[in-house]
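*Asks:* Below is a structure I'd like to ask you about.
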Amino acid sequence: MVNLADTSVPAWAVGPATAAPPDDRGVTYLLVGVGAEGRALAGSWASALPGRSTVIYGDDAHAVSAAVRAALDNASVGLRLWLAGPPGDCLALRGLVLTAAVEEDELHVSVVGTGPIEVLCVHCQTVTTAAAIGDIVLCVGCGRRVVVYHHVSRRSGWFLGYMHDAEEAGR
Amino acid sequence: MSQTLKLVVSGIDDSVTGIRSLTLSALDGGRLPPFVPGSHLVLDCGGRQNAYSLTSDGVDPFEYRISVLNVNGGAGGSAWVHQCLSVGDTTSALLPRSAFAPVARARKHLLVAGGIGITPIVSHLRAARTWHREVQALYVHRENSPAHVDDVRELAGDAADIVTARADFRQRLGPLLAGQPLGTHLYTCGPAGLIHDVLTMAAGLGWPASRLHSERFGADVLDPGQPFDVVLGKTGTRLTVPSGTSLLEALERHGVAIPNLCRHGVCGECRIPVTGGVPLHRDLYLTDDEKQAGDALMCCVSRSNSPALEVPL
(Lines give C-alpha, C1' and ligand atoms only; values in the text may rest on other atoms or scores of the structure.)
Protein backbone atom coordinates (compact mmCIF):
# COMPACT_ATOMS: atom_id res chain seq x y z
CA MET A 1 0.00 0.00 0.00
CA VAL A 2 1.33 3.41 -0.92
CA ASN A 3 1.87 5.88 1.89
CA LEU A 4 0.44 9.19 0.65
CA ALA A 5 3.18 11.01 2.57
CA ASP A 6 5.64 9.61 0.00
CA THR A 7 3.71 10.98 -2.98
CA SER A 8 3.27 14.39 -4.55
CA VAL A 9 -0.04 14.80 -2.72
CA PRO A 10 0.49 17.41 0.03
CA ALA A 11 -0.47 16.36 3.54
CA TRP A 12 -2.94 19.22 3.85
CA ALA A 13 -4.90 17.97 0.83
CA VAL A 14 -5.81 14.64 2.41
CA GLY A 15 -5.20 14.71 6.14
CA PRO A 16 -7.15 16.50 8.83
CA ALA A 17 -6.52 20.25 8.91
CA THR A 18 -3.49 20.93 11.09
CA ALA A 19 -3.99 22.95 14.22
CA ALA A 20 -0.50 24.43 13.93
CA PRO A 21 -0.67 28.20 13.51
CA PRO A 22 0.71 29.50 10.21
CA ASP A 23 4.08 31.27 10.11
CA ASP A 24 3.30 34.81 11.24
CA ARG A 25 6.69 36.37 10.59
CA GLY A 26 5.42 38.12 7.50
CA VAL A 27 5.05 41.86 7.10
CA THR A 28 1.90 41.72 5.01
CA TYR A 29 -0.62 38.93 4.43
CA LEU A 30 -2.76 37.95 1.49
CA LEU A 31 -5.65 35.82 2.77
CA VAL A 32 -7.76 33.86 0.33
CA GLY A 33 -11.03 32.21 1.37
CA VAL A 34 -12.93 29.90 -0.96
CA GLY A 35 -16.43 28.66 -0.16
CA ALA A 36 -18.40 29.38 3.00
CA GLU A 37 -16.00 27.66 5.41
CA GLY A 38 -12.98 29.15 3.66
CA ARG A 39 -14.52 32.59 3.90
CA ALA A 40 -15.12 32.17 7.63
CA LEU A 41 -11.58 30.96 8.32
CA ALA A 42 -9.93 33.67 6.20
CA GLY A 43 -12.10 36.21 8.00
CA SER A 44 -10.91 35.01 11.38
CA TRP A 45 -7.29 35.19 10.18
CA ALA A 46 -7.88 38.75 9.01
CA SER A 47 -9.26 39.88 12.34
CA ALA A 48 -6.11 38.57 14.04
CA LEU A 49 -3.92 40.62 11.65
CA PRO A 50 -5.40 44.10 11.84
CA GLY A 51 -4.05 46.48 9.22
CA ARG A 52 -1.63 43.96 7.77
CA SER A 53 -3.82 41.80 5.58
CA THR A 54 -5.76 41.86 2.34
CA VAL A 55 -8.60 39.36 1.96
CA ILE A 56 -9.97 37.87 -1.24
CA TYR A 57 -13.15 35.80 -1.18
CA GLY A 58 -14.86 33.70 -3.83
CA ASP A 59 -16.99 30.65 -4.49
CA ASP A 60 -14.25 28.68 -6.22
CA ALA A 61 -10.60 28.92 -7.30
CA HIS A 62 -11.54 30.30 -10.69
CA ALA A 63 -13.53 33.14 -9.14
CA VAL A 64 -10.57 34.43 -7.10
CA SER A 65 -7.65 33.71 -9.44
CA ALA A 66 -7.56 37.05 -11.28
CA ALA A 67 -7.65 39.02 -8.03
CA VAL A 68 -4.95 36.81 -6.46
CA ARG A 69 -2.71 37.22 -9.49
CA ALA A 70 -3.14 40.98 -9.47
CA ALA A 71 -2.34 41.18 -5.76
CA LEU A 72 0.84 39.12 -6.23
CA ASP A 73 2.00 41.26 -9.16
CA ASN A 74 2.22 44.24 -6.84
CA ALA A 75 3.47 42.44 -3.73
CA SER A 76 6.85 42.81 -2.04
CA VAL A 77 9.00 40.21 -0.31
CA GLY A 78 7.71 39.90 3.25
CA LEU A 79 4.28 38.73 2.10
CA ARG A 80 2.67 35.55 3.41
CA LEU A 81 -0.15 33.89 1.55
CA TRP A 82 -2.71 31.85 3.46
CA LEU A 83 -5.34 29.81 1.64
CA ALA A 84 -8.55 28.37 3.10
CA GLY A 85 -10.98 26.30 1.08
CA PRO A 86 -11.85 22.89 -0.36
CA PRO A 87 -8.93 20.66 -1.45
CA GLY A 88 -9.38 20.97 -5.22
CA ASP A 89 -9.55 24.76 -5.06
CA CYS A 90 -6.53 24.93 -2.78
CA LEU A 91 -4.50 22.70 -5.11
CA ALA A 92 -5.41 24.88 -8.10
CA LEU A 93 -4.57 28.08 -6.21
CA ARG A 94 -1.30 26.64 -4.95
CA GLY A 95 -0.30 26.10 -8.59
CA LEU A 96 -1.25 29.65 -9.43
CA VAL A 97 0.67 31.26 -6.58
CA LEU A 98 3.82 29.13 -6.91
CA THR A 99 3.89 30.05 -10.59
CA ALA A 100 3.61 33.69 -9.51
CA ALA A 101 6.89 33.33 -7.53
CA VAL A 102 5.51 32.56 -4.07
CA GLU A 103 7.79 30.12 -2.22
CA GLU A 104 6.57 27.09 -0.28
CA ASP A 105 7.64 28.66 3.01
CA GLU A 106 5.50 31.73 2.33
CA LEU A 107 2.40 29.65 1.74
CA HIS A 108 -0.01 28.15 4.26
CA VAL A 109 -3.01 26.07 3.27
CA SER A 110 -5.93 25.07 5.49
CA VAL A 111 -8.37 22.74 3.78
CA VAL A 112 -11.92 23.44 4.97
CA GLY A 113 -15.19 22.49 3.35
CA THR A 114 -15.66 19.95 0.63
CA GLY A 115 -15.57 20.08 -3.12
CA PRO A 116 -14.35 18.25 -6.19
CA ILE A 117 -10.76 17.64 -7.22
CA GLU A 118 -9.65 17.70 -10.85
CA VAL A 119 -8.07 14.85 -12.81
CA LEU A 120 -6.16 15.09 -16.09
CA CYS A 121 -6.74 12.19 -18.47
CA VAL A 122 -3.33 11.10 -19.80
CA HIS A 123 -4.99 9.66 -22.91
CA CYS A 124 -6.78 12.79 -24.18
CA GLN A 125 -5.48 15.62 -21.92
CA THR A 126 -8.96 16.61 -20.79
CA VAL A 127 -9.69 17.62 -17.21
CA THR A 128 -12.62 15.94 -15.42
CA THR A 129 -13.82 16.51 -11.88
CA ALA A 130 -13.74 13.71 -9.33
CA ALA A 131 -14.55 13.24 -5.67
CA ALA A 132 -11.44 11.60 -4.24
CA ILE A 133 -8.12 9.90 -4.92
CA GLY A 134 -8.65 6.30 -6.05
CA ASP A 135 -12.06 6.96 -7.56
CA ILE A 136 -12.81 5.86 -11.10
CA VAL A 137 -14.50 8.51 -13.21
CA LEU A 138 -15.72 8.73 -16.77
CA CYS A 139 -13.40 11.11 -18.68
CA VAL A 140 -15.51 13.87 -20.21
CA GLY A 141 -13.07 14.05 -23.14
CA CYS A 142 -12.73 10.45 -24.33
CA GLY A 143 -15.17 8.46 -22.25
CA ARG A 144 -12.47 6.19 -20.83
CA ARG A 145 -12.91 5.09 -17.25
CA VAL A 146 -9.89 6.69 -15.57
CA VAL A 147 -8.58 6.12 -12.07
CA VAL A 148 -7.60 9.19 -10.02
CA TYR A 149 -3.99 8.34 -9.25
CA HIS A 150 -2.14 9.66 -6.18
CA HIS A 151 0.00 12.07 -8.15
CA VAL A 152 -0.86 15.75 -8.38
CA SER A 153 0.78 18.53 -10.38
CA ARG A 154 2.27 21.37 -8.35
CA ARG A 155 1.74 23.70 -11.27
CA SER A 156 -1.86 22.94 -12.24
CA GLY A 157 -3.27 21.17 -9.19
CA TRP A 158 -4.64 18.38 -11.42
CA PHE A 159 -4.36 14.74 -10.43
CA LEU A 160 -3.06 12.23 -12.93
CA GLY A 161 -5.68 9.88 -14.35
CA TYR A 162 -5.31 6.85 -16.57
CA MET A 163 -7.55 4.09 -17.94
CA HIS A 164 -7.87 1.76 -15.00
CA ASP A 165 -8.42 -1.49 -16.94
CA ALA A 166 -6.16 -0.87 -19.94
CA GLU A 167 -4.27 -4.12 -19.34
CA GLU A 168 -7.34 -6.33 -19.32
CA ALA A 169 -8.00 -8.32 -22.48
CA GLY A 170 -11.01 -7.48 -24.55
CA ARG A 171 -11.37 -3.87 -23.45
CA MET B 1 36.44 10.42 -5.57
CA SER B 2 36.40 13.81 -7.20
CA GLN B 3 38.54 14.56 -10.16
CA THR B 4 41.55 16.81 -9.63
CA LEU B 5 42.38 19.50 -12.16
CA LYS B 6 45.97 20.39 -12.98
CA LEU B 7 46.15 24.12 -13.57
CA VAL B 8 48.81 26.59 -14.61
CA VAL B 9 48.92 30.22 -13.51
CA SER B 10 48.51 32.11 -16.77
CA GLY B 11 48.01 35.58 -15.34
CA ILE B 12 48.47 37.54 -12.12
CA ASP B 13 46.88 40.91 -11.37
CA ASP B 14 48.10 42.76 -8.27
CA SER B 15 46.53 46.11 -9.14
CA VAL B 16 44.33 46.22 -6.02
CA THR B 17 46.27 46.48 -2.76
CA GLY B 18 46.14 43.28 -0.74
CA ILE B 19 44.25 41.35 -3.40
CA ARG B 20 45.85 39.09 -5.96
CA SER B 21 43.73 37.96 -8.89
CA LEU B 22 44.85 34.77 -10.60
CA THR B 23 44.00 33.50 -14.03
CA LEU B 24 44.32 29.71 -14.17
CA SER B 25 44.33 27.59 -17.32
CA ALA B 26 44.53 23.92 -18.18
CA LEU B 27 48.08 22.70 -18.80
CA ASP B 28 47.28 22.12 -22.48
CA GLY B 29 45.36 25.37 -22.79
CA GLY B 30 42.14 23.45 -23.46
CA ARG B 31 38.62 23.68 -22.14
CA LEU B 32 37.97 23.56 -18.41
CA PRO B 33 34.84 22.14 -16.79
CA PRO B 34 32.00 24.68 -16.76
CA PHE B 35 30.48 25.99 -13.55
CA VAL B 36 27.36 27.78 -12.34
CA PRO B 37 27.60 31.35 -10.99
CA GLY B 38 28.61 31.50 -7.34
CA SER B 39 30.84 28.42 -7.61
CA HIS B 40 34.16 28.12 -5.87
CA LEU B 41 37.38 26.31 -6.52
CA VAL B 42 39.15 24.37 -3.79
CA LEU B 43 42.74 25.21 -4.67
CA ASP B 44 45.87 23.50 -3.46
CA CYS B 45 47.85 26.34 -1.85
CA GLY B 46 51.23 24.81 -1.16
CA GLY B 47 49.74 21.83 0.69
CA ARG B 48 46.75 23.63 2.20
CA GLN B 49 43.35 23.49 0.55
CA ASN B 50 41.57 26.83 0.31
CA ALA B 51 38.27 27.65 -1.35
CA TYR B 52 38.03 30.72 -3.58
CA SER B 53 35.02 31.97 -5.50
CA LEU B 54 35.32 31.98 -9.26
CA THR B 55 34.83 35.43 -10.79
CA SER B 56 35.00 34.49 -14.46
CA ASP B 57 32.34 33.28 -16.89
CA GLY B 58 31.41 29.64 -16.24
CA VAL B 59 30.02 28.86 -19.69
CA ASP B 60 32.47 26.76 -21.72
CA PRO B 61 35.49 28.30 -19.96
CA PHE B 62 39.10 28.21 -21.11
CA GLU B 63 40.26 29.88 -17.91
CA TYR B 64 39.26 30.27 -14.28
CA ARG B 65 39.77 33.52 -12.42
CA ILE B 66 39.86 33.88 -8.64
CA SER B 67 40.78 36.78 -6.36
CA VAL B 68 42.65 36.12 -3.15
CA LEU B 69 42.74 38.51 -0.21
CA ASN B 70 45.99 38.43 1.70
CA VAL B 71 44.78 37.39 5.16
CA ASN B 72 47.16 38.39 7.92
CA GLY B 73 47.18 35.73 10.56
CA GLY B 74 45.39 33.24 8.34
CA ALA B 75 46.46 29.63 7.99
CA GLY B 76 48.95 30.49 5.24
CA GLY B 77 47.05 29.60 2.08
CA SER B 78 46.47 33.18 0.97
CA ALA B 79 50.02 34.19 1.88
CA TRP B 80 51.26 31.34 -0.33
CA VAL B 81 49.20 32.65 -3.26
CA HIS B 82 50.53 36.17 -2.69
CA GLN B 83 54.18 35.35 -2.07
CA CYS B 84 55.00 32.09 -3.78
CA LEU B 85 53.01 31.95 -7.00
CA SER B 86 54.34 33.25 -10.32
CA VAL B 87 53.04 33.07 -13.86
CA GLY B 88 53.85 29.62 -15.25
CA ASP B 89 53.62 27.82 -11.91
CA THR B 90 51.32 24.83 -11.69
CA THR B 91 48.96 23.78 -8.93
CA SER B 92 45.87 21.65 -8.63
CA ALA B 93 42.25 22.15 -7.68
CA LEU B 94 39.09 20.14 -7.22
CA LEU B 95 36.29 20.58 -9.74
CA PRO B 96 34.26 23.76 -9.18
CA ARG B 97 31.39 23.34 -6.73
CA SER B 98 28.50 25.54 -5.78
CA ALA B 99 26.34 26.17 -2.76
CA PHE B 100 25.39 29.67 -3.97
CA ALA B 101 23.78 29.20 -7.37
CA PRO B 102 21.14 31.52 -8.85
CA VAL B 103 17.52 30.38 -8.68
CA ALA B 104 16.29 30.05 -12.24
CA ARG B 105 12.71 30.95 -11.37
CA ALA B 106 13.59 34.01 -9.29
CA ARG B 107 12.00 37.21 -10.54
CA LYS B 108 15.05 39.18 -9.45
CA HIS B 109 18.41 38.61 -7.77
CA LEU B 110 19.42 41.05 -5.04
CA LEU B 111 23.18 40.83 -4.42
CA VAL B 112 24.75 42.25 -1.26
CA ALA B 113 28.52 42.04 -0.76
CA GLY B 114 31.21 43.29 1.57
CA GLY B 115 34.92 43.46 0.70
CA ILE B 116 36.38 40.39 -0.99
CA GLY B 117 32.90 38.84 -0.67
CA ILE B 118 32.22 40.55 -3.98
CA THR B 119 33.91 37.65 -5.83
CA PRO B 120 30.95 35.23 -6.18
CA ILE B 121 28.70 38.23 -6.83
CA VAL B 122 30.83 39.16 -9.86
CA SER B 123 30.05 35.80 -11.44
CA HIS B 124 26.37 36.27 -10.61
CA LEU B 125 26.44 39.66 -12.34
CA ARG B 126 28.16 38.15 -15.35
CA ALA B 127 25.49 35.47 -15.70
CA ALA B 128 22.69 37.97 -15.11
CA ARG B 129 23.93 40.04 -18.02
CA THR B 130 24.23 36.99 -20.26
CA TRP B 131 20.75 35.72 -19.44
CA HIS B 132 19.09 39.15 -19.08
CA ARG B 133 18.15 38.47 -15.49
CA GLU B 134 17.08 41.40 -13.35
CA VAL B 135 19.65 42.20 -10.66
CA GLN B 136 20.38 44.85 -8.09
CA ALA B 137 23.62 45.03 -6.11
CA LEU B 138 24.85 46.76 -2.98
CA TYR B 139 28.59 46.56 -2.41
CA VAL B 140 30.60 47.99 0.46
CA HIS B 141 34.39 47.97 0.34
CA ARG B 142 37.25 49.71 2.06
CA GLU B 143 38.41 52.88 0.32
CA ASN B 144 41.90 51.43 -0.18
CA SER B 145 40.76 47.99 -1.34
CA PRO B 146 38.33 48.41 -4.25
CA ALA B 147 38.14 44.76 -5.32
CA HIS B 148 36.37 44.27 -8.67
CA VAL B 149 34.78 47.72 -8.55
CA ASP B 150 35.36 48.19 -12.28
CA ASP B 151 33.82 44.78 -13.03
CA VAL B 152 30.75 45.57 -10.93
CA ARG B 153 30.27 48.97 -12.60
CA GLU B 154 30.66 47.50 -16.05
CA LEU B 155 28.41 44.49 -15.45
CA ALA B 156 25.66 46.08 -13.38
CA GLY B 157 25.76 49.78 -14.34
CA ASP B 158 23.07 51.70 -12.49
CA ALA B 159 21.84 48.54 -10.80
CA ALA B 160 24.91 48.58 -8.55
CA ASP B 161 25.27 50.83 -5.53
CA ILE B 162 28.89 50.91 -4.36
CA VAL B 163 29.78 52.52 -1.03
CA THR B 164 32.89 52.74 1.10
CA ALA B 165 31.44 53.73 4.47
CA ARG B 166 29.83 51.14 6.69
CA ALA B 167 27.27 53.77 7.80
CA ASP B 168 26.20 54.37 4.20
CA PHE B 169 25.86 50.64 3.71
CA ARG B 170 23.64 50.25 6.75
CA GLN B 171 21.53 53.22 5.74
CA ARG B 172 20.86 51.74 2.31
CA LEU B 173 20.31 48.18 3.44
CA GLY B 174 16.96 48.65 5.21
CA PRO B 175 15.09 50.34 2.36
CA LEU B 176 16.69 47.94 -0.11
CA LEU B 177 15.44 44.86 1.75
CA ALA B 178 12.02 46.37 2.46
CA GLY B 179 11.12 47.17 -1.12
CA GLN B 180 11.85 44.12 -3.24
CA PRO B 181 9.22 42.63 -5.55
CA LEU B 182 7.86 39.24 -4.54
CA GLY B 183 9.98 36.62 -6.27
CA THR B 184 13.32 38.24 -5.39
CA HIS B 185 16.11 36.08 -4.00
CA LEU B 186 18.85 37.59 -1.84
CA TYR B 187 22.51 36.59 -2.12
CA THR B 188 25.02 37.88 0.38
CA CYS B 189 28.73 37.32 0.79
CA GLY B 190 31.31 39.06 2.94
CA PRO B 191 32.65 39.10 6.49
CA ALA B 192 30.66 36.95 8.93
CA GLY B 193 29.37 40.05 10.74
CA LEU B 194 28.02 41.57 7.55
CA ILE B 195 26.32 38.33 6.50
CA HIS B 196 24.76 38.06 9.95
CA ASP B 197 23.49 41.66 9.84
CA VAL B 198 22.03 41.28 6.35
CA LEU B 199 20.28 37.99 7.12
CA THR B 200 18.96 39.22 10.47
CA MET B 201 17.57 42.39 8.97
CA ALA B 202 16.01 40.45 6.08
CA ALA B 203 14.34 37.97 8.45
CA GLY B 204 12.98 40.88 10.45
CA LEU B 205 11.45 42.28 7.27
CA GLY B 206 9.67 39.02 6.57
CA TRP B 207 12.09 37.36 4.16
CA PRO B 208 11.57 33.58 4.40
CA ALA B 209 14.59 31.26 4.58
CA SER B 210 14.04 29.99 1.04
CA ARG B 211 14.87 33.43 -0.38
CA LEU B 212 18.09 33.90 1.60
CA HIS B 213 21.43 32.65 0.28
CA SER B 214 24.79 33.32 1.87
CA GLU B 215 28.33 32.30 1.14
CA ARG B 216 31.31 32.66 3.42
CA PHE B 217 34.05 31.52 1.09
CA GLY B 218 36.56 34.08 -0.02
CA ALA B 219 35.53 36.36 2.80
CA ASP B 220 36.95 34.97 5.97
CA VAL B 221 37.93 31.76 7.61
CA LEU B 222 35.90 30.10 10.31
CA ASP B 223 36.79 31.11 13.84
CA PRO B 224 39.01 28.66 15.75
CA GLY B 225 36.13 27.64 18.02
CA GLN B 226 35.99 26.51 21.64
CA PRO B 227 37.83 23.39 22.84
CA PHE B 228 35.74 20.27 23.45
CA ASP B 229 36.20 16.57 24.12
CA VAL B 230 35.39 13.68 21.85
CA VAL B 231 34.74 10.18 23.18
CA LEU B 232 35.50 7.31 20.80
CA GLY B 233 32.71 4.79 21.33
CA LYS B 234 34.70 1.70 20.30
CA THR B 235 37.49 2.13 22.80
CA GLY B 236 36.13 4.66 25.26
CA THR B 237 39.14 6.89 24.55
CA ARG B 238 38.60 10.55 25.35
CA LEU B 239 40.44 13.14 23.24
CA THR B 240 40.50 16.89 23.65
CA VAL B 241 40.04 18.99 20.51
CA PRO B 242 41.75 22.31 21.24
CA SER B 243 40.65 25.65 19.84
CA GLY B 244 42.08 26.05 16.35
CA THR B 245 42.30 22.30 15.75
CA SER B 246 39.55 20.57 13.82
CA LEU B 247 37.88 17.39 14.97
CA LEU B 248 39.22 15.76 11.81
CA GLU B 249 42.78 16.77 12.66
CA ALA B 250 42.39 15.56 16.25
CA LEU B 251 41.11 12.17 15.05
CA GLU B 252 43.89 11.85 12.50
CA ARG B 253 46.52 12.63 15.12
CA HIS B 254 45.10 9.82 17.19
CA GLY B 255 45.46 7.43 14.25
CA VAL B 256 41.78 7.36 13.24
CA ALA B 257 41.63 7.64 9.46
CA ILE B 258 38.57 9.50 8.15
CA PRO B 259 37.95 9.74 4.40
CA ASN B 260 38.12 13.42 3.52
CA LEU B 261 38.60 15.72 0.60
CA CYS B 262 37.98 19.45 0.77
CA ARG B 263 38.42 19.95 4.53
CA HIS B 264 36.16 22.99 4.25
CA GLY B 265 32.74 21.53 5.00
CA VAL B 266 31.72 21.45 1.37
CA CYS B 267 32.22 18.04 -0.17
CA GLY B 268 30.53 15.75 2.36
CA GLU B 269 33.35 13.21 2.34
CA CYS B 270 34.23 13.39 6.06
CA ARG B 271 30.73 12.92 7.45
CA ILE B 272 30.78 10.90 10.66
CA PRO B 273 27.93 9.68 12.87
CA VAL B 274 27.38 11.20 16.30
CA THR B 275 25.91 9.14 19.14
CA GLY B 276 26.14 11.66 21.97
CA GLY B 277 26.47 15.39 22.58
CA VAL B 278 25.24 18.32 20.52
CA PRO B 279 27.10 19.10 17.29
CA LEU B 280 27.86 22.69 16.32
CA HIS B 281 27.39 22.51 12.56
CA ARG B 282 29.55 24.84 10.48
CA ASP B 283 29.47 23.06 7.13
CA LEU B 284 27.68 23.83 3.87
CA TYR B 285 26.89 20.21 3.09
CA LEU B 286 24.23 18.89 5.48
CA THR B 287 20.65 20.04 5.03
CA ASP B 288 18.92 22.00 7.78
CA ASP B 289 16.94 18.90 8.69
CA GLU B 290 20.08 16.79 8.92
CA LYS B 291 21.72 19.44 11.09
CA GLN B 292 18.65 19.53 13.29
CA ALA B 293 18.72 15.75 13.72
CA GLY B 294 22.19 16.06 15.23
CA ASP B 295 23.19 12.47 14.49
CA ALA B 296 26.02 13.26 12.07
CA LEU B 297 28.51 16.01 11.41
CA MET B 298 31.24 17.06 9.00
CA CYS B 299 34.30 16.68 11.20
CA CYS B 300 36.53 18.98 9.11
CA VAL B 301 34.77 22.16 10.23
CA SER B 302 32.06 21.31 12.73
CA ARG B 303 32.58 21.28 16.46
CA SER B 304 30.53 20.76 19.61
CA ASN B 305 27.97 22.80 21.49
CA SER B 306 28.22 20.43 24.44
CA PRO B 307 31.38 19.80 26.51
CA ALA B 308 31.81 16.45 24.77
CA LEU B 309 30.74 14.58 21.64
CA GLU B 310 30.51 10.83 21.36
CA VAL B 311 31.27 9.17 18.04
CA PRO B 312 31.04 5.42 17.24
CA LEU B 313 34.63 5.20 15.96
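The chains in the C-alpha coordinates are called A, B, ... from first to last as shown; in each chain the residues are counted from 1, and the ligands are counted from 1 in the order shown.
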Pick out the residues sitting within 7 Å of Thr119 (chain B), and hand them over as a PyMOL selection string; count only C-alpha atoms, and ignore anything fewer than 6 positions along from it in its own chain.
*Replies:* chain B and resi 53-55+67
*Asks:* Report the residues of chain A whose backbone DSSP state falls under alpha helix (DSSP H), written as a PyMOL selection string.
*Replies:* chain A and resi 11-14+35-48+61-73+87-99
*Asks:* Compare A:Trp12, A:Phe159, A:Trp82, A:Tyr149 by their minimum atom-to-atom distance to Leu31 (chain A), counting only C-alpha atoms, and give me the closest one.
*Replies:*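 Closest to Leu31 (chain A) of all the choices is A:Trp82.
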*Asks:* Work out how far CA of Glu249 (chain B) is from CA of Val81 (chain B), in Å to one decimal.
*Replies:*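 Computing it gives 23.4 Å between the two atoms.
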*Asks:* For chain A, which of B:Ala104, B:Leu232, B:Leu173, B:Val135 is the closest residue, counting only C-alpha atoms?
*Replies:*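 Counting only C-alpha atoms, the residue closest to chain A is B:Ala104.
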*Asks:* Give me, as a list in words, the residues of region 148-222 of chain B that a backbone DSSP run labels strand (DSSP E).
*Replies:*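 Restricting region 148-222 of chain B to strand (DSSP E) produces Ala160, Asp161, Ile162, Val163, Thr184, His185, Leu186, Tyr187, Thr188, Cys189, Leu212, His213, Ser214 and Glu215 of chain B.
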*Asks:* Got time to write the residues from that selection, N, CA and C atoms, as a JSON list (two decimals), in the first residue's frame?
*Replies:*
```json
[["chain", "number", "residue", "atom", "x", "y", "z"],
["B", 160, "ALA", "N", 23.97, 48.81, -9.66],
["B", 160, "ALA", "CA", 24.91, 48.58, -8.55],
["B", 160, "ALA", "C", 25.09, 49.86, -7.75],
["B", 161, "ASP", "N", 25.03, 49.72, -6.44],
["B", 161, "ASP", "CA", 25.27, 50.83, -5.53],
["B", 161, "ASP", "C", 26.55, 50.46, -4.77],
["B", 162, "ILE", "N", 27.60, 51.25, -4.96],
["B", 162, "ILE", "CA", 28.89, 50.91, -4.36],
["B", 162, "ILE", "C", 29.25, 51.99, -3.34],
["B", 163, "VAL", "N", 29.47, 51.56, -2.10],
["B", 163, "VAL", "CA", 29.78, 52.52, -1.03],
["B", 163, "VAL", "C", 31.05, 52.09, -0.31],
["B", 184, "THR", "N", 11.90, 37.91, -5.48],
["B", 184, "THR", "CA", 13.32, 38.24, -5.39],
["B", 184, "THR", "C", 14.03, 37.25, -4.48],
["B", 185, "HIS", "N", 15.25, 36.88, -4.87],
["B", 185, "HIS", "CA", 16.11, 36.08, -4.00],
["B", 185, "HIS", "C", 17.34, 36.91, -3.62],
["B", 186, "LEU", "N", 17.74, 36.80, -2.36],
["B", 186, "LEU", "CA", 18.85, 37.59, -1.84],
["B", 186, "LEU", "C", 20.11, 36.72, -1.73],
["B", 187, "TYR", "N", 21.20, 37.26, -2.22],
["B", 187, "TYR", "CA", 22.51, 36.59, -2.12],
["B", 187, "TYR", "C", 23.45, 37.52, -1.39],
["B", 188, "THR", "N", 24.09, 37.01, -0.33],
["B", 188, "THR", "CA", 25.02, 37.88, 0.38],
["B", 188, "THR", "C", 26.32, 37.14, 0.69],
["B", 189, "CYS", "N", 27.41, 37.88, 0.53],
["B", 189, "CYS", "CA", 28.73, 37.32, 0.79],
["B", 189, "CYS", "C", 29.61, 38.41, 1.33],
["B", 212, "LEU", "N", 16.82, 33.39, 1.08],
["B", 212, "LEU", "CA", 18.09, 33.90, 1.60],
["B", 212, "LEU", "C", 19.23, 32.94, 1.27],
["B", 213, "HIS", "N", 20.27, 33.46, 0.67],
["B", 213, "HIS", "CA", 21.43, 32.65, 0.28],
["B", 213, "HIS", "C", 22.68, 33.37, 0.75],
["B", 214, "SER", "N", 23.56, 32.66, 1.44],
["B", 214, "SER", "CA", 24.79, 33.32, 1.87],
["B", 214, "SER", "C", 25.98, 32.40, 1.62],
["B", 215, "GLU", "N", 27.11, 33.03, 1.48],
["B", 215, "GLU", "CA", 28.33, 32.30, 1.14],
["B", 215, "GLU", "C", 29.47, 32.94, 1.90]]
```
